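Source file: structure.cif. Holds: mmCIF, C-alpha atoms.
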```cif
data_final
loop_
_atom_site.label_atom_id
_atom_site.label_comp_id
_atom_site.auth_asym_id
_atom_site.auth_seq_id
_atom_site.Cartn_x
_atom_site.Cartn_y
_atom_site.Cartn_z
CA MET A 1 -122.31 11.83 -17.94
CA TYR A 2 -124.44 9.83 -20.37
CA GLN A 3 -122.76 9.67 -23.78
CA ASN A 4 -123.66 7.80 -26.94
CA CYS A 5 -122.82 8.44 -30.55
CA CYS A 6 -124.21 7.43 -33.92
CA LYS A 7 -122.54 4.29 -35.27
CA LYS A 8 -123.25 5.43 -38.83
CA CYS A 9 -121.90 9.02 -38.85
CA GLY A 10 -120.30 9.46 -35.41
CA SER A 11 -122.54 12.38 -34.38
CA VAL A 12 -123.33 12.90 -30.70
CA ALA A 13 -126.44 14.95 -31.54
CA LEU A 14 -129.16 12.44 -30.65
CA HIS A 15 -132.87 12.43 -29.87
CA THR A 16 -135.49 9.93 -28.72
CA GLU A 17 -138.59 8.70 -30.52
CA ILE A 18 -141.32 6.55 -29.05
CA LYS A 19 -142.27 3.57 -31.20
CA GLY A 20 -145.10 1.60 -29.61
CA ASN A 21 -143.97 0.67 -26.10
CA ASN A 22 -140.29 1.24 -26.87
CA THR A 23 -138.15 4.38 -26.89
CA GLY A 24 -135.44 4.52 -29.50
CA LEU A 25 -132.33 6.68 -29.65
CA TYR A 26 -131.83 8.27 -33.09
CA CYS A 27 -129.20 10.44 -34.75
CA ASP A 28 -130.21 14.06 -35.40
CA ASP A 29 -127.84 14.36 -38.35
CA CYS A 30 -128.45 11.22 -40.41
CA GLY A 31 -131.62 9.86 -38.77
CA ALA A 32 -130.13 6.43 -38.07
CA TRP A 33 -131.43 4.32 -35.20
CA VAL A 34 -128.76 3.96 -32.52
CA LYS A 35 -130.38 1.70 -29.91
CA TRP A 36 -133.45 1.00 -27.83
CA LEU A 37 -133.34 2.63 -24.41
CA GLY A 38 -134.35 0.98 -21.18
CA LYS A 39 -136.00 3.01 -18.40
CA ASP A 40 -132.71 3.78 -16.66
CA GLU A 41 -130.94 4.72 -19.90
CA LEU A 42 -133.88 6.93 -20.91
CA ARG A 43 -133.75 8.72 -17.56
CA ALA A 44 -130.00 9.20 -17.94
CA PHE A 45 -130.42 10.52 -21.48
CA GLU A 46 -133.16 12.95 -20.41
CA TYR A 47 -131.03 14.14 -17.50
CA SER A 48 -128.03 14.65 -19.77
CA MET A 49 -130.21 16.70 -22.13
CA ARG A 50 -131.20 18.98 -19.23
CA GLU A 51 -127.53 19.40 -18.38
CA ALA A 52 -126.50 19.76 -22.01
CA THR A 53 -123.68 21.93 -23.28
CA LYS A 54 -124.31 24.89 -25.57
CA GLU A 55 -123.44 22.81 -28.65
CA GLU A 56 -125.78 20.03 -27.60
CA ASN A 57 -128.62 22.50 -26.97
CA GLU A 58 -128.04 24.01 -30.41
CA ALA A 59 -128.24 20.52 -31.93
CA VAL A 60 -131.59 19.99 -30.21
CA ASP A 61 -132.84 23.38 -31.41
CA LYS A 62 -131.71 22.55 -34.95
CA TYR A 63 -133.60 19.26 -34.81
CA ILE A 64 -136.77 20.92 -33.50
CA GLN A 65 -136.60 23.52 -36.27
CA SER A 66 -136.10 20.80 -38.88
CA ILE A 67 -139.24 18.94 -37.78
CA SER A 68 -141.20 22.19 -37.42
CA LYS A 69 -140.96 23.05 -41.12
CA PRO A 70 -142.80 20.03 -42.59
CA THR A 71 -145.50 20.04 -39.91
CA GLY A 72 -146.11 23.78 -39.92
CA VAL A 73 -145.63 23.88 -36.16
CA ASN A 74 -143.27 26.59 -35.02
CA LEU A 75 -142.11 25.73 -31.51
CA PHE A 76 -140.10 28.95 -31.38
CA ASP A 77 -143.19 31.15 -31.86
CA ASN A 78 -143.43 33.47 -28.85
CA SER A 79 -147.23 33.75 -29.10
CA THR A 80 -149.33 32.65 -26.19
CA ILE A 81 -151.75 29.79 -26.62
CA ALA A 82 -154.63 32.26 -26.49
CA GLU A 83 -153.11 34.31 -29.33
CA ARG A 84 -152.54 31.20 -31.41
CA LEU A 85 -156.12 30.05 -30.81
CA GLU A 86 -157.43 33.50 -31.82
CA ARG A 87 -155.49 33.16 -35.08
CA PHE A 88 -156.96 29.67 -35.49
CA ILE A 89 -160.48 31.09 -35.05
CA GLU A 90 -159.70 33.67 -37.74
CA GLY A 91 -158.55 30.84 -40.01
CA ILE A 92 -161.81 28.97 -39.39
CA ASP A 93 -163.76 32.13 -40.26
CA LYS A 94 -161.85 32.49 -43.52
CA GLU A 95 -162.50 28.85 -44.40
CA ILE A 96 -166.23 29.28 -43.74
CA ASP A 97 -166.30 32.42 -45.93
CA CYS A 98 -164.38 30.66 -48.73
CA GLU A 99 -166.74 27.69 -48.62
CA TYR A 100 -169.85 29.86 -48.83
CA GLU A 101 -168.39 31.90 -51.70
CA LYS A 102 -168.28 28.77 -53.89
CA ARG A 103 -171.51 27.91 -55.65
CA PRO A 104 -172.75 24.39 -54.91
CA ILE A 105 -172.66 22.07 -57.90
CA SER A 106 -175.57 19.92 -56.73
CA VAL A 107 -178.10 19.51 -53.93
CA GLU A 108 -175.78 17.00 -52.27
CA ASP A 109 -172.88 19.45 -52.48
CA ASN A 110 -175.05 22.11 -50.85
CA VAL A 111 -175.86 19.71 -48.00
CA ARG A 112 -172.16 18.87 -47.61
CA LYS A 113 -171.23 22.56 -47.66
CA ASN A 114 -173.76 23.45 -44.96
CA ALA A 115 -172.78 20.50 -42.75
CA TYR A 116 -169.08 21.34 -43.11
CA CYS A 117 -169.60 25.02 -42.29
CA TYR A 118 -171.86 24.13 -39.36
CA ALA A 119 -169.14 21.85 -37.94
CA LEU A 120 -166.52 24.58 -38.40
CA GLU A 121 -168.79 27.10 -36.68
CA LYS A 122 -169.32 24.70 -33.74
CA CYS A 123 -165.53 24.29 -33.38
CA LYS A 124 -165.01 28.05 -33.59
CA THR A 125 -167.67 28.64 -30.91
CA ALA A 126 -166.19 25.97 -28.64
CA ILE A 127 -162.71 27.50 -28.84
CA GLY A 128 -164.17 30.99 -28.24
CA ASN A 129 -166.00 29.68 -25.17
CA ILE A 130 -162.84 28.13 -23.78
CA LEU A 131 -160.89 31.37 -24.36
CA ALA A 132 -163.67 33.27 -22.55
CA GLY A 133 -163.35 30.96 -19.54
CA ARG A 134 -166.55 29.01 -20.18
CA GLU A 135 -167.19 25.37 -20.95
CA PHE A 136 -166.73 24.45 -24.61
CA ASN A 137 -170.42 23.56 -24.98
CA ASP A 138 -171.78 26.67 -23.20
CA LEU A 139 -174.72 28.04 -25.18
CA GLY A 140 -174.48 31.45 -23.47
CA GLU A 141 -177.93 31.23 -21.96
#
```

Please lay out the structure from this file as structure tokens.
Amino acid sequence: MYQNCCKKCGSVALHTEIKGNNTGLYCDDCGAWVKWLGKDELRAFEYSMREATKEENEAVDKYIQSISKPTGVNLFDNSTIAERLERFIEGIDKEIDCEYEKRPISVEDNVRKNAYCYALEKCKTAIGNILAGREFNDLGE
């Protein structure tokens, strides 16, 4: 079995991060760099993660949850991609409504507001088309 530990804190809860062309091994607990992994070591590490014990899987889950909080991404959300995209479309609608509720402070601001809302509307339409099984740029003609 592939086994490494953090030289700084002794933890065996580790994860990989890609930095440029290299893959580094890092400690989940203290964040310290452990070593650069070669292709064979990376394969061994990935295999050991698939065959991980309950404690090791919990360490991975803990790490994923810790990085989910600052990014706003919840990897443990049971929603389907379609449901998440529907919520995203609702968020775009709310943003468009909020933008149009604000009075423009100048002609330039009005131009910016309209361009911004137009771009949001295009994105919303593209996502709706994809969810409906059409091409993103389908005009519905």

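Closest approach to Glu58 (chain A) among A:Glu108, A:Tyr100, A:Leu14, A:Gly128: A:Leu14, based on only C-alpha atoms.
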
- Item | Nearby residues, (-142.2, 5.6, -24.9) file frame, 12 Å, all atoms listed in the file, as a PyMOL selection string | chain A and resi 16-25+36-39+42-43

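As for CA of Thr125 (chain A) and CA of Glu83 (chain A), they are spaced 15.7 Å apart.
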
Given the file shown, enumerate the residues that the PyMOL selection byres ((chain A and resi 136) around 10) captures and present them as a tab-separated table (two decimals) with C-alpha atoms, in the coordinates of the input.
```
chain	number	residue	atom	x	y	z
A	122	LYS	CA	-169.32	24.70	-33.74
A	123	CYS	CA	-165.53	24.29	-33.38
A	124	LYS	CA	-165.01	28.05	-33.59
A	125	THR	CA	-167.67	28.64	-30.91
A	126	ALA	CA	-166.19	25.97	-28.64
A	127	ILE	CA	-162.71	27.50	-28.84
A	128	GLY	CA	-164.17	30.99	-28.24
A	129	ASN	CA	-166.00	29.68	-25.17
A	130	ILE	CA	-162.84	28.13	-23.78
A	131	LEU	CA	-160.89	31.37	-24.36
A	132	ALA	CA	-163.67	33.27	-22.55
A	133	GLY	CA	-163.35	30.96	-19.54
A	134	ARG	CA	-166.55	29.01	-20.18
A	135	GLU	CA	-167.19	25.37	-20.95
A	137	ASN	CA	-170.42	23.56	-24.98
A	138	ASP	CA	-171.78	26.67	-23.20
A	139	LEU	CA	-174.72	28.04	-25.18
```

- Task: For CA of Ala59 (chain A) and CA of Asp28 (chain A), determine how far apart the two atoms are, in Å to one decimal place.
- Result: 7.6 Å

Spell out the residues picked by the PyMOL selection byres ((chain A and resi 31) around 10) here, as a compact mmCIF listing (two decimals) with C-alpha atoms, in the coordinates of the input.
```txt
# COMPACT_ATOMS: atom_id res chain seq x y z
CA CYS A 6 -124.21 7.43 -33.92
CA LYS A 8 -123.25 5.43 -38.83
CA CYS A 9 -121.90 9.02 -38.85
CA LEU A 14 -129.16 12.44 -30.65
CA HIS A 15 -132.87 12.43 -29.87
CA LEU A 25 -132.33 6.68 -29.65
CA TYR A 26 -131.83 8.27 -33.09
CA CYS A 27 -129.20 10.44 -34.75
CA ASP A 28 -130.21 14.06 -35.40
CA ASP A 29 -127.84 14.36 -38.35
CA CYS A 30 -128.45 11.22 -40.41
CA ALA A 32 -130.13 6.43 -38.07
CA TRP A 33 -131.43 4.32 -35.20
CA VAL A 34 -128.76 3.96 -32.52
```

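Our summary of the geometry notes that CA of Tyr118 (chain A) is positioned 8.8 Å from CA of Ile96 (chain A).
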
Find the smallest box with edges along x, y and z containing every listed atom of region 119-136 of chain A, then add 8 Å on each side and report centre and edge lengths in Å to one decimal, as JSON.
```
{"center_x": -165.1, "center_y": 27.6, "center_z": -29.0, "size_x": 24.4, "size_y": 27.4, "size_z": 34.9}
```

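If you count all atoms listed in the file and ignore residues fewer than 6 places along the chain from Asn110 (chain A), what sits within 12 Å of it is Glu99, Tyr100, Glu101, Lys102, Arg103, Pro104, Tyr116 and Cys117 of chain A.
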